[in-house]
$ cat data.cif   # mmCIF, C-alpha atoms (C1' of nucleotides)
data_target
loop_
_atom_site.label_atom_id
_atom_site.label_comp_id
_atom_site.auth_asym_id
_atom_site.auth_seq_id
_atom_site.Cartn_x
_atom_site.Cartn_y
_atom_site.Cartn_z
CA MET A 309 46.66 73.91 -157.78
CA LYS A 310 44.99 74.83 -160.95
CA ARG A 311 43.51 78.27 -160.89
CA ALA A 312 40.22 78.85 -162.63
CA PRO A 313 40.65 80.13 -166.19
CA SER A 314 40.36 83.87 -166.49
CA THR A 315 37.67 85.43 -168.64
CA TYR A 316 40.26 86.15 -171.29
CA GLU A 317 41.39 82.54 -171.39
CA ILE A 318 37.84 81.33 -171.89
CA ILE A 319 37.43 83.73 -174.78
CA TRP A 320 40.71 82.79 -176.40
CA GLU A 321 39.80 79.13 -176.15
CA THR A 322 36.50 79.75 -177.93
CA ILE A 323 38.24 81.61 -180.74
CA ARG A 324 40.69 78.75 -181.11
CA HIS A 325 37.79 76.58 -182.36
CA ILE A 326 36.73 78.77 -185.27
CA PRO A 327 37.36 76.72 -188.40
CA LYS A 328 39.50 77.95 -191.24
CA GLY A 329 37.53 79.70 -193.95
CA LYS A 330 34.83 80.81 -191.53
CA VAL A 331 34.32 83.97 -189.53
CA THR A 332 32.30 84.84 -186.47
CA THR A 333 31.28 87.93 -184.56
CA TYR A 334 32.39 89.31 -181.23
CA GLY A 335 28.93 88.75 -179.84
CA GLU A 336 28.90 85.15 -180.94
CA VAL A 337 32.26 84.45 -179.35
CA ALA A 338 30.94 85.97 -176.14
CA GLU A 339 27.88 83.77 -176.27
CA GLN A 340 29.83 80.62 -177.03
CA SER A 341 32.06 81.49 -174.10
CA GLY A 342 29.12 81.60 -171.76
CA LEU A 343 29.26 85.38 -171.57
CA PRO A 344 26.10 86.51 -173.35
CA ARG A 345 25.90 90.13 -174.47
CA GLN A 346 29.47 90.85 -173.54
CA ALA A 347 30.88 91.41 -176.96
CA ARG A 348 33.02 94.29 -175.75
CA LEU A 349 34.88 91.95 -173.49
CA VAL A 350 35.83 89.85 -176.48
CA GLY A 351 37.31 92.87 -178.19
CA TYR A 352 39.15 93.73 -175.02
CA ALA A 353 40.50 90.20 -174.68
CA LEU A 354 41.68 90.15 -178.27
CA HIS A 355 43.40 93.46 -177.86
CA ASN A 356 45.32 91.91 -174.99
CA THR A 357 46.19 88.65 -176.67
CA PRO A 358 49.76 87.65 -175.82
CA HIS A 359 52.09 87.20 -178.77
CA GLY A 360 52.84 83.55 -178.12
CA LEU A 361 49.19 82.54 -178.22
CA ASP A 362 48.34 80.92 -181.53
CA ILE A 363 44.68 81.66 -182.19
CA PRO A 364 42.82 82.68 -185.37
CA TRP A 365 42.12 86.18 -184.12
CA HIS A 366 41.47 87.37 -187.66
CA ARG A 367 38.31 85.27 -187.94
CA VAL A 368 36.51 87.55 -185.51
CA ILE A 369 34.65 90.46 -187.09
CA ASN A 370 31.77 92.67 -186.01
CA SER A 371 28.05 92.06 -186.39
CA GLN A 372 27.90 94.15 -189.53
CA GLY A 373 30.28 91.80 -191.27
CA LYS A 374 33.11 94.31 -191.16
CA ILE A 375 36.58 94.37 -189.75
CA SER A 376 36.68 96.34 -186.53
CA LEU A 377 40.25 97.51 -186.78
CA PRO A 378 41.43 100.98 -187.80
CA LYS A 379 42.52 101.33 -191.41
CA GLN A 380 45.34 103.66 -190.45
CA ASN A 381 48.03 101.55 -188.86
CA GLY A 382 47.84 98.65 -191.27
CA SER A 383 46.17 96.20 -188.93
CA TYR A 384 43.01 96.38 -191.03
CA ALA A 385 44.91 95.35 -194.14
CA LYS A 386 46.67 92.62 -192.23
CA GLN A 387 43.41 91.04 -191.11
CA LYS A 388 41.87 91.36 -194.54
CA LYS A 389 44.83 89.68 -196.12
CA LEU A 390 44.63 86.72 -193.76
CA LEU A 391 40.94 86.31 -194.50
CA LEU A 392 41.38 86.56 -198.25
CA LYS A 393 44.03 83.90 -198.00
CA GLU A 394 41.42 81.56 -196.49
CA GLY A 395 39.10 82.13 -199.40
CA ILE A 396 36.75 84.59 -197.75
CA VAL A 397 35.26 87.06 -200.19
CA PHE A 398 34.74 90.73 -199.43
CA THR A 399 31.97 92.74 -201.01
CA GLY A 400 33.34 96.21 -200.62
CA ASP A 401 34.53 96.15 -197.03
CA LYS A 402 31.93 93.64 -195.90
CA ILE A 403 31.81 89.88 -195.51
CA ASP A 404 28.57 87.95 -196.01
CA LEU A 405 27.93 86.43 -192.59
CA LYS A 406 25.19 84.18 -193.92
CA LYS A 407 27.71 82.59 -196.18
CA TYR A 408 30.87 82.60 -194.11
CA GLY A 409 29.49 82.73 -190.57
CA TRP A 410 30.70 79.93 -188.32
CA LEU A 411 27.48 79.36 -186.44
CA ARG A 412 24.13 80.85 -186.97
CA ARG A 413 23.72 84.12 -185.20
CA LEU A 414 21.16 83.63 -182.49
CA LYS A 415 19.49 86.63 -181.09
CA ASN A 416 18.75 85.68 -177.55
CA ARG A 417 17.32 88.94 -176.49
CA LYS A 418 14.42 89.16 -174.12
"C1'" DA B 574 37.58 101.91 -154.36
"C1'" DA B 575 35.56 104.89 -157.81
"C1'" DC B 576 35.99 106.05 -162.61
"C1'" DG B 577 36.80 106.02 -167.55
"C1'" DT B 578 37.68 103.09 -171.36
"C1'" DG B 579 36.87 99.75 -175.13
"C1'" DA B 580 39.01 94.97 -181.88
"C1'" DC B 581 30.87 95.44 -179.59
"C1'" DA B 582 25.60 94.99 -180.36
"C1'" DA B 583 20.92 96.36 -180.80
"C1'" DG B 584 17.36 99.65 -181.12
"C1'" DG B 585 15.47 104.18 -182.30
"C1'" DC B 586 15.22 107.90 -185.51
"C1'" DA C 1011 22.29 103.87 -194.96
"C1'" DG C 1012 24.13 106.60 -190.93
"C1'" DC C 1013 24.34 108.58 -186.46
"C1'" DC C 1014 23.22 108.51 -181.45
"C1'" DT C 1015 22.10 106.15 -177.03
"C1'" DT C 1016 22.15 102.52 -173.92
"C1'" DG C 1017 23.62 98.00 -171.91
"C1'" DC C 1018 27.58 95.35 -170.84
"C1'" DC C 1019 31.73 94.40 -167.37
"C1'" DA C 1020 36.92 93.40 -166.71
"C1'" DC C 1021 40.96 96.29 -166.36
"C1'" DG C 1022 44.24 99.86 -165.47
"C1'" DT C 1023 44.73 104.21 -163.08
#
$ encode --input "data.cif" --output "structure tokens"
Amino acid sequence: MKRAPSTYEIIWETIRHIPKGKVTTYGEVAEQSGLPRQARLVGYALHNTPHGLDIPWHRVINSQGKISLPKQNGSYAKQKKLLLKEGIVFTGDKIDLKKYGWLRRLKNRK
DNA sequence: AACGTGACAAGGC
DNA sequence: AGCCTTGCCACGT
């Protein structure tokens, strides 16, 4: 029998749909996955992404338009390189979400 | 089975 | 702009 998809699998599936040349935030992925306000879970899921899984993990950035990876170990540079290759422009260390954001950021607070 | 942790986000200063 | 606090919840110990 088919087991229900785990929370991680739902998140990975959402990320798989982000088009090339666009970026989105952790919070938005959470929302699109039906897990509102659980951005941290998205980060956790990404951190645990299996190697074989082919998803555009680099298109996920934080709500400030910045890369959320440490600059020390090179993973920051790796993500930036992948984004630059897709034509995304950095202003300093930030990306303009209004310009490159996948979907509009909806604030469904309240 | 409780507890600390985390590739986050929003609000208050 | 930057720092601090709080809300969030699946996971590994």
$ closest_atom_pairs --input "data.cif" --of "chain C" --to "chain A" --cutoff "12 Å" --atoms "all atoms listed in the file" --output "tab-separated table"
residue	atom	partner	partner_atom	distance
C:DG1017	C1'	A:Arg345	CA	8.6
C:DC1018	C1'	A:Gln346	CA	5.6
C:DC1019	C1'	A:Leu349	CA	7.3
C:DA1020	C1'	A:Leu349	CA	7.2
C:DC1021	C1'	A:Tyr352	CA	9.2
$ atom_distance --input "data.cif" --atom1 "atom C1' of C:DC1014" --atom2 "atom CA of A:His355"
25.4 Å
$ closest_atom_pairs --input "data.cif" --of "chain A" --to "chain B" --cutoff "10 Å" --atoms "only C-alpha atoms (C1' of nucleotides)" --output "CSV"
residue,atom,partner,partner_atom,distance
A:Thr333,CA,B:DC581,C1',9.0
A:Tyr334,CA,B:DC581,C1',6.5
A:Gly335,CA,B:DC581,C1',7.0
A:Arg345,CA,B:DA582,C1',7.6
A:Gln346,CA,B:DC581,C1',7.7
A:Ala347,CA,B:DC581,C1',4.8
A:Arg348,CA,B:DC581,C1',4.5
A:Leu349,CA,B:DC581,C1',8.1
A:Val350,CA,B:DA580,C1',8.1
A:Gly351,CA,B:DA580,C1',4.6
A:Tyr352,CA,B:DG579,C1',6.4
A:Ala353,CA,B:DA580,C1',8.8
A:Leu354,CA,B:DA580,C1',6.6
A:His355,CA,B:DA580,C1',6.1
A:Asn356,CA,B:DA580,C1',9.8
A:Trp365,CA,B:DA580,C1',9.6
A:His366,CA,B:DA580,C1',9.9
A:Val368,CA,B:DA580,C1',8.6
A:Ile369,CA,B:DA580,C1',8.2
A:Asn370,CA,B:DC581,C1',7.0
A:Ser371,CA,B:DA582,C1',7.1
A:Gln372,CA,B:DA582,C1',9.5
A:Ile375,CA,B:DA580,C1',8.3
A:Ser376,CA,B:DA580,C1',5.4
A:Leu377,CA,B:DA580,C1',5.7
A:Pro378,CA,B:DA580,C1',8.8
A:Lys415,CA,B:DA583,C1',9.8
A:Arg417,CA,B:DA583,C1',9.3
$ write_last_selection --input "data.cif" --atoms "C-alpha atoms" --output "PDB file, in the coordinates of the input"
ATOM      1  CA  THR A 333      31.280  87.930-184.560  1.00  0.00           C
ATOM      2  CA  TYR A 334      32.390  89.310-181.230  1.00  0.00           C
ATOM      3  CA  GLY A 335      28.930  88.750-179.840  1.00  0.00           C
ATOM      4  CA  ARG A 345      25.900  90.130-174.470  1.00  0.00           C
ATOM      5  CA  GLN A 346      29.470  90.850-173.540  1.00  0.00           C
ATOM      6  CA  ALA A 347      30.880  91.410-176.960  1.00  0.00           C
ATOM      7  CA  ARG A 348      33.020  94.290-175.750  1.00  0.00           C
ATOM      8  CA  LEU A 349      34.880  91.950-173.490  1.00  0.00           C
ATOM      9  CA  VAL A 350      35.830  89.850-176.480  1.00  0.00           C
ATOM     10  CA  GLY A 351      37.310  92.870-178.190  1.00  0.00           C
ATOM     11  CA  TYR A 352      39.150  93.730-175.020  1.00  0.00           C
ATOM     12  CA  ALA A 353      40.500  90.200-174.680  1.00  0.00           C
ATOM     13  CA  LEU A 354      41.680  90.150-178.270  1.00  0.00           C
ATOM     14  CA  HIS A 355      43.400  93.460-177.860  1.00  0.00           C
ATOM     15  CA  ASN A 356      45.320  91.910-174.990  1.00  0.00           C
ATOM     16  CA  TRP A 365      42.120  86.180-184.120  1.00  0.00           C
ATOM     17  CA  HIS A 366      41.470  87.370-187.660  1.00  0.00           C
ATOM     18  CA  VAL A 368      36.510  87.550-185.510  1.00  0.00           C
ATOM     19  CA  ILE A 369      34.650  90.460-187.090  1.00  0.00           C
ATOM     20  CA  ASN A 370      31.770  92.670-186.010  1.00  0.00           C
ATOM     21  CA  SER A 371      28.050  92.060-186.390  1.00  0.00           C
ATOM     22  CA  GLN A 372      27.900  94.150-189.530  1.00  0.00           C
ATOM     23  CA  ILE A 375      36.580  94.370-189.750  1.00  0.00           C
ATOM     24  CA  SER A 376      36.680  96.340-186.530  1.00  0.00           C
ATOM     25  CA  LEU A 377      40.250  97.510-186.780  1.00  0.00           C
ATOM     26  CA  PRO A 378      41.430 100.980-187.800  1.00  0.00           C
ATOM     27  CA  LYS A 415      19.490  86.630-181.090  1.00  0.00           C
ATOM     28  CA  ARG A 417      17.320  88.940-176.490  1.00  0.00           C
TER      29      ARG A 417
END
$ atom_distance --input "data.cif" --atom1 "atom CA of A:Ile363" --atom2 "atom CA of A:Glu317"
11.3 Å
$ residues_around --input "data.cif" --residues "A:Leu391" --least-positions-apart "5" --cutoff "9 Å" --atoms "only C-alpha atoms (C1' of nucleotides)" --output "PyMOL selection string"
chain A and resi 329-331+366-367+386+396-397
$ atom_distance --input "data.cif" --atom1 "atom CA of A:Leu361" --atom2 "atom CA of A:Trp320"
8.7 Å
$ axis_aligned_box --input "data.cif" --around "stretch 1013-1023 of chain C" --padding-each-side "4 Å" --output "AutoDock Vina command-line options"
--center_x 33.4 --center_y 101.0 --center_z -174.8 --size_x 30.6 --size_y 23.2 --size_z 31.4
$ decode --input "data.cif" --residues "stretch 336-415 of chain A" --atoms "C-alpha atoms" --output "JSON list (two decimals), in the first residue's frame"
[["chain", "number", "residue", "atom", "x", "y", "z"],
["A", 336, "GLU", "CA", 6.35, 30.61, 0.58],
["A", 337, "VAL", "CA", 7.34, 27.01, 0.03],
["A", 338, "ALA", "CA", 5.77, 26.17, 3.37],
["A", 339, "GLU", "CA", 2.58, 27.91, 2.38],
["A", 340, "GLN", "CA", 2.42, 26.30, -1.03],
["A", 341, "SER", "CA", 2.92, 22.97, 0.69],
["A", 342, "GLY", "CA", -0.10, 23.53, 2.88],
["A", 343, "LEU", "CA", 2.07, 24.18, 5.91],
["A", 344, "PRO", "CA", 1.54, 27.87, 6.65],
["A", 345, "ARG", "CA", 4.05, 29.61, 8.91],
["A", 346, "GLN", "CA", 6.32, 26.63, 9.05],
["A", 347, "ALA", "CA", 9.26, 28.03, 7.19],
["A", 348, "ARG", "CA", 11.71, 26.37, 9.56],
["A", 349, "LEU", "CA", 10.46, 23.01, 8.50],
["A", 350, "VAL", "CA", 11.36, 23.83, 4.92],
["A", 351, "GLY", "CA", 14.90, 24.62, 5.94],
["A", 352, "TYR", "CA", 15.02, 21.41, 7.90],
["A", 353, "ALA", "CA", 13.71, 19.39, 4.96],
["A", 354, "LEU", "CA", 16.23, 20.94, 2.60],
["A", 355, "HIS", "CA", 19.04, 20.21, 4.97],
["A", 356, "ASN", "CA", 17.99, 16.58, 4.84],
["A", 357, "THR", "CA", 17.52, 16.32, 1.12],
["A", 358, "PRO", "CA", 18.85, 12.98, -0.14],
["A", 359, "HIS", "CA", 21.57, 13.18, -2.77],
["A", 360, "GLY", "CA", 19.64, 11.37, -5.47],
["A", 361, "LEU", "CA", 16.73, 13.79, -5.34],
["A", 362, "ASP", "CA", 16.88, 16.22, -8.24],
["A", 363, "ILE", "CA", 15.25, 19.43, -7.05],
["A", 364, "PRO", "CA", 16.19, 23.10, -7.54],
["A", 365, "TRP", "CA", 17.12, 23.58, -3.91],
["A", 366, "HIS", "CA", 19.14, 26.67, -4.78],
["A", 367, "ARG", "CA", 16.02, 28.61, -5.75],
["A", 368, "VAL", "CA", 14.95, 28.81, -2.12],
["A", 369, "ILE", "CA", 16.19, 31.85, -0.22],
["A", 370, "ASN", "CA", 15.04, 33.70, 2.88],
["A", 371, "SER", "CA", 12.45, 36.45, 3.18],
["A", 372, "GLN", "CA", 15.12, 39.13, 3.10],
["A", 373, "GLY", "CA", 16.18, 38.05, -0.35],
["A", 374, "LYS", "CA", 19.41, 36.56, 0.93],
["A", 375, "ILE", "CA", 21.01, 33.16, 0.84],
["A", 376, "SER", "CA", 20.62, 31.42, 4.16],
["A", 377, "LEU", "CA", 23.74, 29.32, 3.98],
["A", 378, "PRO", "CA", 27.00, 29.97, 5.83],
["A", 379, "LYS", "CA", 29.70, 31.68, 3.79],
["A", 380, "GLN", "CA", 32.40, 29.58, 5.40],
["A", 381, "ASN", "CA", 32.15, 26.12, 3.92],
["A", 382, "GLY", "CA", 31.56, 27.18, 0.35],
["A", 383, "SER", "CA", 27.90, 26.24, 0.19],
["A", 384, "TYR", "CA", 26.98, 29.92, -0.01],
["A", 385, "ALA", "CA", 29.18, 30.40, -3.06],
["A", 386, "LYS", "CA", 27.81, 27.24, -4.61],
["A", 387, "GLN", "CA", 24.23, 28.44, -4.35],
["A", 388, "LYS", "CA", 25.10, 31.89, -5.61],
["A", 389, "LYS", "CA", 26.85, 30.44, -8.60],
["A", 390, "LEU", "CA", 23.85, 28.33, -9.55],
["A", 391, "LEU", "CA", 21.57, 31.35, -9.30],
["A", 392, "LEU", "CA", 23.86, 33.58, -11.33],
["A", 393, "LYS", "CA", 23.94, 30.92, -13.98],
["A", 394, "GLU", "CA", 20.15, 31.22, -14.27],
["A", 395, "GLY", "CA", 20.41, 34.93, -14.84],
["A", 396, "ILE", "CA", 19.46, 36.07, -11.36],
["A", 397, "VAL", "CA", 21.12, 39.33, -10.39],
["A", 398, "PHE", "CA", 22.51, 40.05, -6.94],
["A", 399, "THR", "CA", 22.64, 43.54, -5.52],
["A", 400, "GLY", "CA", 25.33, 43.12, -2.94],
["A", 401, "ASP", "CA", 24.30, 39.88, -1.29],
["A", 402, "LYS", "CA", 20.60, 40.39, -1.94],
["A", 403, "ILE", "CA", 18.17, 39.33, -4.64],
["A", 404, "ASP", "CA", 15.20, 41.51, -5.57],
["A", 405, "LEU", "CA", 12.21, 39.34, -4.68],
["A", 406, "LYS", "CA", 9.80, 41.65, -6.46],
["A", 407, "LYS", "CA", 11.65, 40.98, -9.65],
["A", 408, "TYR", "CA", 12.69, 37.37, -9.32],
["A", 409, "GLY", "CA", 10.11, 36.03, -6.87],
["A", 410, "TRP", "CA", 8.18, 33.02, -8.12],
["A", 411, "LEU", "CA", 4.82, 33.93, -6.67],
["A", 412, "ARG", "CA", 3.75, 37.01, -4.90],
["A", 413, "ARG", "CA", 4.49, 36.88, -1.24],
["A", 414, "LEU", "CA", 1.20, 36.78, 0.58],
["A", 415, "LYS", "CA", 1.14, 37.74, 4.16]]
